[in-house]
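Visitor: Handing you this structure, nothing more for now.
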Amino acid sequence: MAWAAVIGGTAHGLMELPFVVPIEASITQTQLNAKSFFWNFSDLLKKRALYRSLGTTAFGLIPKCWIHYAWLNFYIQLFIPSGELKKANPVESAKCGLATGASEVAFLTPFNFVKFRMQRPEWQYKNMIDCITRVYKEEGPLAYWKGTHAVFWRNSICMYGMVGFYNRIEGILPTNMRFKALTTGALCGILGSFMSYPFEMLRAARQHNISFYEEMYKQGPRRLAAGYVPGAARIVLHSAALGILIPKMKEFSGGVSFFKSSADKVKDSVSSGSSSGSKH
């Protein structure tokens with residue numbers, strides 16, 4: 001059993017859940033209506049809709065984090081000879097970040113699609129099941145993967161910032177700094193969110209059936225950056241938690257051996273394929 005991913009994902013999910021739900025709901029509204037984050041937070045509070053997506057988020061968050069850490073651990077073992085992210089060079093770290101972000105897309109886009117739809121009272125879904133069934137009937141089964149290309153680039157670029165620059169940013173900070181891992185993770189989150197935010201807006205437009213070009217891009221940079229600051233803050237929470245957990249990954253149970261074994265099989269397959277090709 002891949003206990004490293006299970007423990008890491010569960011811990012991360014529980015750390016985020018109480019804070020993520022109201023922040024994300026307000027960010028989604030801000031991205032789509034271009035009003036301020038605080039106006040939307042207040043409006044959702046008045047409508048008692050801040051935690052409207054709590055059940056959906058709780059249902060998907062821990063599996064989401066499990067998948068996140070499973071892929072991250074797998075790529076650490078595949079790309080980093082030492083098997084430890086803290087000992088990776090910049091290229092190895094970048095590979096882990098890009099590959100992890102890209103690999104999550106197919107598995108997590110439907111979870112996130114339903115969550116984002118539930119965050120908006122305007123859709124008038126009664127609950128998660130009502131959302132899933134109505135989307136299927138009204139928009140078809142492929143609707144759950146709307147915006148997949150935007151999610152792909154958003155995840156890959158964001159994870160590149162969050163993981164690819166981890167060691168470099170950690171090296172810049174004072175050696176004996178308190179909360180160094182937390183600070184490193186938070187700074188990486190700011191970097192990742194800045195690099196990926198245009199694709200986040202494209203995702204929001206696609207998944208809520210509005211024109212990205214007409215209603216966002218053509219309106220100028222300010223409209224295109226709607227919700228960026230609270231969105232960055234939300235990513236910082238995620239990345240700060242990641243910063244705490246990255247140094248602990250080797251300590252989580254014996255799960256790393258599972259990922260090392262899987263990565264070794266991939267390496268062996270690639271090597272044997274290359275050998276066969278050279279003989280011919």
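Going through the structure tokens in order, the chains are called A, B, and so on, while each chain numbers its residues from 1 and the ligands are numbered from 1 in the order shown.
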Considering only C-alpha atoms, return as an mmCIF file with N, CA and C atoms, in the first residue's frame whatever protein or nucleic-acid residues lie within 12 Å of Ala94 (chain A), sequence-local ones (same chain, fewer than 2 positions apart) excluded.
Guide:
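Done, and the output landed in around_36.cif:
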data_model
loop_
_atom_site.group_PDB
_atom_site.id
_atom_site.type_symbol
_atom_site.label_atom_id
_atom_site.label_comp_id
_atom_site.auth_asym_id
_atom_site.auth_seq_id
_atom_site.Cartn_x
_atom_site.Cartn_y
_atom_site.Cartn_z
ATOM 1 N N LEU A 72 3.348 12.719 -7.359
ATOM 2 C CA LEU A 72 4.576 13.421 -6.985
ATOM 3 C C LEU A 72 5.633 12.432 -6.501
ATOM 4 N N TYR A 75 7.054 10.417 -9.490
ATOM 5 C CA TYR A 75 8.011 11.154 -10.325
ATOM 6 C C TYR A 75 9.298 11.489 -9.583
ATOM 7 N N ILE A 76 9.219 11.626 -8.264
ATOM 8 C CA ILE A 76 10.451 11.807 -7.483
ATOM 9 C C ILE A 76 11.352 10.594 -7.659
ATOM 10 N N PHE A 79 12.591 10.460 -11.577
ATOM 11 C CA PHE A 79 13.500 11.481 -12.115
ATOM 12 C C PHE A 79 14.690 11.825 -11.223
ATOM 13 N N ILE A 80 14.603 11.496 -9.921
ATOM 14 C CA ILE A 80 15.655 11.916 -9.001
ATOM 15 C C ILE A 80 16.414 10.688 -8.500
ATOM 16 N N LEU A 85 13.394 14.782 -3.005
ATOM 17 C CA LEU A 85 13.219 16.049 -3.701
ATOM 18 C C LEU A 85 14.197 17.109 -3.217
ATOM 19 N N ALA A 88 17.358 17.148 -5.197
ATOM 20 C CA ALA A 88 17.242 17.233 -6.651
ATOM 21 C C ALA A 88 17.906 18.493 -7.179
ATOM 22 N N ASN A 89 18.422 18.411 -8.404
ATOM 23 C CA ASN A 89 18.922 19.613 -9.059
ATOM 24 C C ASN A 89 17.732 20.338 -9.708
ATOM 25 N N PRO A 90 17.933 21.572 -10.208
ATOM 26 C CA PRO A 90 16.809 22.344 -10.765
ATOM 27 C C PRO A 90 16.061 21.636 -11.891
ATOM 28 N N VAL A 91 16.775 20.946 -12.769
ATOM 29 C CA VAL A 91 16.119 20.256 -13.884
ATOM 30 C C VAL A 91 15.251 19.110 -13.375
ATOM 31 N N GLU A 92 15.765 18.338 -12.416
ATOM 32 C CA GLU A 92 15.002 17.225 -11.846
ATOM 33 C C GLU A 92 13.763 17.735 -11.124
ATOM 34 N N CYS A 96 9.723 16.988 -12.107
ATOM 35 C CA CYS A 96 8.738 16.479 -11.142
ATOM 36 C C CYS A 96 7.503 17.368 -11.098
ATOM 37 N N GLY A 97 7.720 18.684 -11.072
ATOM 38 C CA GLY A 97 6.600 19.614 -11.006
ATOM 39 C C GLY A 97 5.727 19.568 -12.243
ATOM 40 N N LEU A 98 6.353 19.623 -13.419
ATOM 41 C CA LEU A 98 5.602 19.610 -14.670
ATOM 42 C C LEU A 98 4.848 18.292 -14.858
ATOM 43 N N ALA A 99 5.526 17.185 -14.598
ATOM 44 C CA ALA A 99 4.902 15.872 -14.794
ATOM 45 C C ALA A 99 3.768 15.637 -13.809
ATOM 46 N N THR A 100 3.933 16.066 -12.558
ATOM 47 C CA THR A 100 2.876 15.889 -11.558
ATOM 48 C C THR A 100 1.637 16.680 -11.939
ATOM 49 N N GLY A 101 1.822 17.944 -12.291
ATOM 50 C CA GLY A 101 0.686 18.778 -12.672
ATOM 51 C C GLY A 101 -0.055 18.227 -13.869
ATOM 52 N N SER A 156 0.258 22.230 -14.792
ATOM 53 C CA SER A 156 1.663 21.976 -15.102
ATOM 54 C C SER A 156 2.530 23.172 -14.742
ATOM 55 N N ILE A 157 2.082 24.366 -15.155
ATOM 56 C CA ILE A 157 2.867 25.571 -14.885
ATOM 57 C C ILE A 157 2.877 25.897 -13.396
ATOM 58 N N CYS A 158 1.733 25.748 -12.744
ATOM 59 C CA CYS A 158 1.663 26.043 -11.312
ATOM 60 C C CYS A 158 2.550 25.090 -10.511
ATOM 61 N N MET A 159 2.493 23.795 -10.834
ATOM 62 C CA MET A 159 3.327 22.829 -10.123
ATOM 63 C C MET A 159 4.808 23.020 -10.438
ATOM 64 N N TYR A 160 5.098 23.494 -11.655
ATOM 65 C CA TYR A 160 6.483 23.824 -11.996
ATOM 66 C C TYR A 160 7.001 24.914 -11.059
ATOM 67 N N GLY A 161 6.177 25.930 -10.811
ATOM 68 C CA GLY A 161 6.569 26.985 -9.883
ATOM 69 C C GLY A 161 6.673 26.495 -8.451
ATOM 70 N N MET A 162 5.719 25.657 -8.038
ATOM 71 C CA MET A 162 5.649 25.217 -6.645
ATOM 72 C C MET A 162 6.728 24.194 -6.289
ATOM 73 N N VAL A 163 7.046 23.298 -7.226
ATOM 74 C CA VAL A 163 8.011 22.233 -6.958
ATOM 75 C C VAL A 163 9.361 22.517 -7.618
ATOM 76 N N GLY A 164 9.326 23.033 -8.859
ATOM 77 C CA GLY A 164 10.557 23.239 -9.601
ATOM 78 C C GLY A 164 11.506 24.252 -8.996
ATOM 79 N N PHE A 165 10.960 25.213 -8.251
ATOM 80 C CA PHE A 165 11.799 26.252 -7.657
ATOM 81 C C PHE A 165 12.011 26.053 -6.155
ATOM 82 N N TYR A 166 11.512 24.923 -5.620
ATOM 83 C CA TYR A 166 11.543 24.718 -4.166
ATOM 84 C C TYR A 166 12.965 24.799 -3.606
ATOM 85 N N ASN A 167 13.886 24.026 -4.171
ATOM 86 C CA ASN A 167 15.250 23.990 -3.630
ATOM 87 C C ASN A 167 15.983 25.318 -3.794
ATOM 88 N N ARG A 168 15.721 25.994 -4.933
ATOM 89 C CA ARG A 168 16.394 27.272 -5.158
ATOM 90 C C ARG A 168 15.932 28.335 -4.161
ATOM 91 N N GLY A 192 4.112 30.132 -8.532
ATOM 92 C CA GLY A 192 3.312 29.238 -9.369
ATOM 93 C C GLY A 192 1.985 29.852 -9.780
#
Visitor: Write out as number ranges by chain the set of residues from region 160-215 of chain A that DSSP, computed on the backbone, places in alpha helix (DSSP H).
Guide: A: 160-164, 166-172, 180-207, 212-215
Visitor: Out of A:Lys86, A:Gly60, A:Tyr228, A:Pro18, which residue has the shortest atom-to-atom distance to Ala181 (chain A) when counting only C-alpha atoms?
Guide: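 Distance minimum relative to Ala181 (chain A) lands on A:Lys86.
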Visitor: Which neighbours of Ala106 (chain A) fall inside 9 Å, counting only C-alpha atoms, when residues of the same chain fewer than 2 positions from it are skipped, and could you give them as a VMD selection string?
Guide: chain A and resid 102 to 104 108 to 110 145 148 152
Visitor: Those residues you just picked out, can you put them in a file as an mmCIF file, in the first residue's frame with N, CA, C and O atoms?
Guide:
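The file below, selection.cif, is the result:
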data_model
loop_
_atom_site.group_PDB
_atom_site.id
_atom_site.type_symbol
_atom_site.label_atom_id
_atom_site.label_comp_id
_atom_site.auth_asym_id
_atom_site.auth_seq_id
_atom_site.Cartn_x
_atom_site.Cartn_y
_atom_site.Cartn_z
ATOM 1 N N ALA A 102 0.691 17.754 -14.863
ATOM 2 C CA ALA A 102 0.070 17.217 -16.072
ATOM 3 C C ALA A 102 -0.677 15.911 -15.799
ATOM 4 O O ALA A 102 -1.763 15.679 -16.334
ATOM 5 N N SER A 103 -0.113 15.059 -14.959
ATOM 6 C CA SER A 103 -0.700 13.738 -14.711
ATOM 7 C C SER A 103 -2.000 13.796 -13.925
ATOM 8 O O SER A 103 -2.815 12.873 -13.992
ATOM 9 N N GLU A 104 -2.204 14.865 -13.172
ATOM 10 C CA GLU A 104 -3.413 14.986 -12.361
ATOM 11 C C GLU A 104 -4.658 15.290 -13.179
ATOM 12 O O GLU A 104 -5.779 15.009 -12.753
ATOM 13 N N LEU A 108 -8.551 14.406 -12.107
ATOM 14 C CA LEU A 108 -9.120 15.384 -11.189
ATOM 15 C C LEU A 108 -10.066 16.382 -11.831
ATOM 16 O O LEU A 108 -10.854 17.016 -11.122
ATOM 17 N N THR A 109 -10.026 16.541 -13.149
ATOM 18 C CA THR A 109 -10.887 17.539 -13.786
ATOM 19 C C THR A 109 -12.368 17.319 -13.486
ATOM 20 O O THR A 109 -13.071 18.280 -13.150
ATOM 21 N N PRO A 110 -12.910 16.097 -13.547
ATOM 22 C CA PRO A 110 -14.335 15.923 -13.210
ATOM 23 C C PRO A 110 -14.662 16.295 -11.761
ATOM 24 O O PRO A 110 -15.710 16.900 -11.497
ATOM 25 N N TRP A 145 -15.294 17.209 -18.386
ATOM 26 C CA TRP A 145 -13.900 17.487 -18.756
ATOM 27 C C TRP A 145 -13.767 18.829 -19.502
ATOM 28 O O TRP A 145 -12.771 19.062 -20.171
ATOM 29 N N THR A 148 -10.316 21.122 -20.076
ATOM 30 C CA THR A 148 -9.202 20.229 -19.741
ATOM 31 C C THR A 148 -7.862 20.795 -20.205
ATOM 32 O O THR A 148 -6.865 20.710 -19.479
ATOM 33 N N PHE A 152 -4.788 21.557 -17.860
ATOM 34 C CA PHE A 152 -3.472 20.946 -18.108
ATOM 35 C C PHE A 152 -2.363 21.975 -17.969
ATOM 36 O O PHE A 152 -1.386 21.782 -17.243
#
Visitor: Just want the 10 Å neighbourhood of Arg203 (chain A), counted on only C-alpha atoms, with same-chain residues fewer than 5 positions away dropped. Output as a PyMOL selection string.
Guide: chain A and resi 113+146-154+197-198+208-209+212
Visitor: Restricted to all heavy atoms, what would the selected residues look like written as a short mmCIF file (atom, residue, chain, number, x, y, z; two decimals), in the first residue's frame?
Guide:
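again-v9.cif, freshly written:
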data_model
loop_
_atom_site.label_atom_id
_atom_site.label_comp_id
_atom_site.auth_asym_id
_atom_site.auth_seq_id
_atom_site.Cartn_x
_atom_site.Cartn_y
_atom_site.Cartn_z
N PHE A 113 -14.62 20.08 -11.68
CA PHE A 113 -15.73 20.64 -12.45
C PHE A 113 -17.00 20.70 -11.59
O PHE A 113 -17.67 21.74 -11.52
CB PHE A 113 -15.98 19.81 -13.70
CG PHE A 113 -17.20 20.23 -14.47
CD1 PHE A 113 -17.13 21.28 -15.38
CD2 PHE A 113 -18.41 19.58 -14.28
CE1 PHE A 113 -18.26 21.67 -16.09
CE2 PHE A 113 -19.54 19.98 -14.99
CZ PHE A 113 -19.47 21.01 -15.90
N LYS A 146 -14.75 19.70 -19.36
CA LYS A 146 -14.65 21.02 -19.99
C LYS A 146 -13.42 21.76 -19.44
O LYS A 146 -13.13 21.73 -18.26
CB LYS A 146 -15.90 21.85 -19.71
CG LYS A 146 -17.09 21.51 -20.58
CD LYS A 146 -18.26 22.45 -20.32
CE LYS A 146 -19.41 22.13 -21.27
NZ LYS A 146 -20.57 23.04 -21.06
N GLY A 147 -12.73 22.43 -20.35
CA GLY A 147 -11.57 23.21 -19.93
C GLY A 147 -10.34 22.37 -19.62
O GLY A 147 -9.41 22.86 -18.98
N THR A 148 -10.32 21.12 -20.08
CA THR A 148 -9.20 20.23 -19.74
C THR A 148 -7.86 20.79 -20.20
O THR A 148 -6.87 20.71 -19.48
CB THR A 148 -9.42 18.83 -20.36
OG1 THR A 148 -10.60 18.26 -19.79
CG2 THR A 148 -8.24 17.91 -20.07
N HIS A 149 -7.83 21.38 -21.40
CA HIS A 149 -6.56 21.92 -21.91
C HIS A 149 -6.07 23.07 -21.03
O HIS A 149 -4.87 23.18 -20.74
CB HIS A 149 -6.70 22.36 -23.36
CG HIS A 149 -7.63 23.50 -23.58
ND1 HIS A 149 -9.00 23.40 -23.34
CD2 HIS A 149 -7.41 24.77 -24.01
CE1 HIS A 149 -9.57 24.56 -23.62
NE2 HIS A 149 -8.63 25.41 -24.02
N ALA A 150 -7.02 23.89 -20.56
CA ALA A 150 -6.64 25.00 -19.67
C ALA A 150 -6.15 24.46 -18.33
O ALA A 150 -5.17 24.97 -17.76
CB ALA A 150 -7.83 25.93 -19.46
N VAL A 151 -6.83 23.43 -17.84
CA VAL A 151 -6.42 22.82 -16.57
C VAL A 151 -5.03 22.19 -16.71
O VAL A 151 -4.21 22.28 -15.79
CB VAL A 151 -7.44 21.76 -16.11
CG1 VAL A 151 -6.98 21.07 -14.83
CG2 VAL A 151 -8.81 22.40 -15.89
N PHE A 152 -4.79 21.56 -17.86
CA PHE A 152 -3.47 20.95 -18.11
C PHE A 152 -2.36 21.97 -17.97
O PHE A 152 -1.39 21.78 -17.24
CB PHE A 152 -3.44 20.32 -19.51
CG PHE A 152 -2.08 19.87 -19.94
CD1 PHE A 152 -1.59 18.64 -19.55
CD2 PHE A 152 -1.27 20.69 -20.72
CE1 PHE A 152 -0.32 18.22 -19.95
CE2 PHE A 152 -0.01 20.29 -21.12
CZ PHE A 152 0.47 19.05 -20.73
N TRP A 153 -2.50 23.11 -18.68
CA TRP A 153 -1.45 24.12 -18.63
C TRP A 153 -1.40 24.81 -17.27
O TRP A 153 -0.31 25.10 -16.76
CB TRP A 153 -1.67 25.15 -19.74
CG TRP A 153 -1.36 24.59 -21.09
CD1 TRP A 153 -2.23 24.29 -22.10
CD2 TRP A 153 -0.06 24.21 -21.57
NE1 TRP A 153 -1.57 23.76 -23.17
CE2 TRP A 153 -0.24 23.69 -22.88
CE3 TRP A 153 1.23 24.25 -21.04
CZ2 TRP A 153 0.83 23.24 -23.65
CZ3 TRP A 153 2.29 23.79 -21.81
CH2 TRP A 153 2.08 23.30 -23.09
N ARG A 154 -2.55 25.04 -16.69
CA ARG A 154 -2.58 25.67 -15.37
C ARG A 154 -1.89 24.80 -14.34
O ARG A 154 -1.03 25.25 -13.58
CB ARG A 154 -4.03 25.93 -14.97
CG ARG A 154 -4.20 26.67 -13.65
CD ARG A 154 -4.58 25.71 -12.56
NE ARG A 154 -4.90 26.38 -11.32
CZ ARG A 154 -5.00 25.76 -10.15
NH1 ARG A 154 -4.78 24.46 -10.06
NH2 ARG A 154 -5.29 26.42 -9.06
N TYR A 197 -1.91 31.93 -13.79
CA TYR A 197 -3.25 32.50 -13.59
C TYR A 197 -4.05 32.72 -14.88
O TYR A 197 -5.27 32.50 -14.88
CB TYR A 197 -3.20 33.79 -12.78
CG TYR A 197 -4.54 34.12 -12.18
CD1 TYR A 197 -5.06 33.34 -11.13
CD2 TYR A 197 -5.34 35.14 -12.68
CE1 TYR A 197 -6.30 33.60 -10.59
CE2 TYR A 197 -6.58 35.40 -12.15
CZ TYR A 197 -7.06 34.64 -11.10
OH TYR A 197 -8.31 34.88 -10.56
N PRO A 198 -3.46 33.14 -16.00
CA PRO A 198 -4.27 33.27 -17.21
C PRO A 198 -4.99 31.98 -17.60
O PRO A 198 -6.14 32.02 -18.07
CB PRO A 198 -3.23 33.67 -18.28
CG PRO A 198 -2.17 34.36 -17.50
CD PRO A 198 -2.07 33.60 -16.21
N HIS A 208 -17.79 27.29 -16.88
CA HIS A 208 -19.05 27.96 -16.55
C HIS A 208 -19.74 28.53 -17.79
O HIS A 208 -20.63 29.39 -17.68
CB HIS A 208 -18.80 29.06 -15.51
CG HIS A 208 -18.45 28.53 -14.16
ND1 HIS A 208 -19.38 28.08 -13.25
CD2 HIS A 208 -17.24 28.33 -13.57
CE1 HIS A 208 -18.78 27.65 -12.16
NE2 HIS A 208 -17.49 27.79 -12.33
N ASN A 209 -19.30 28.03 -18.96
CA ASN A 209 -19.99 28.33 -20.22
C ASN A 209 -20.06 29.82 -20.57
O ASN A 209 -21.09 30.32 -21.02
CB ASN A 209 -21.41 27.75 -20.21
CG ASN A 209 -21.43 26.24 -20.08
OD1 ASN A 209 -20.41 25.58 -20.27
ND2 ASN A 209 -22.59 25.68 -19.76
N PHE A 212 -14.36 33.28 -22.91
CA PHE A 212 -13.11 33.81 -22.34
C PHE A 212 -12.68 35.05 -23.12
O PHE A 212 -12.28 36.07 -22.52
CB PHE A 212 -12.02 32.74 -22.41
CG PHE A 212 -10.65 33.24 -22.03
CD1 PHE A 212 -10.32 33.48 -20.70
CD2 PHE A 212 -9.69 33.48 -23.01
CE1 PHE A 212 -9.06 33.94 -20.35
CE2 PHE A 212 -8.42 33.94 -22.67
CZ PHE A 212 -8.11 34.18 -21.33
#
Visitor: Which residue out of A:Ala233, A:Ser211, A:Gly55, A:Lys35 has the minimum interatomic distance to Leu187 (chain A) when only C-alpha atoms are used?
Guide: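 Looking at the shortest contact to Leu187 (chain A), the residue is A:Ala233.
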Visitor: Would you compute the distance between CA of Tyr51 (chain A) and CA of Ala70 (chain A)? Give it in Å to one decimal.
Guide: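 One can read the CA of Tyr51 (chain A) to CA of Ala70 (chain A) distance as 28.1 Å.
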Visitor: Fewer than 2 positions away in the same chain doesn't count, so skip those; otherwise give me all residues within 10 Å of region 222-226 of chain A, counting only C-alpha atoms, as a count of residues only.
Guide: 29
Visitor: In Å to one decimal, how far is CA of Met128 (chain A) from CA of Gly140 (chain A)?
Guide: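 These atoms are spaced 16.4 Å apart.
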Visitor: Expressed in Å to a single decimal, how great is the separation between CA of Asn112 (chain A) and CA of Thr56 (chain A)?
Guide: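 Distance between the two atoms: 9.0 Å.
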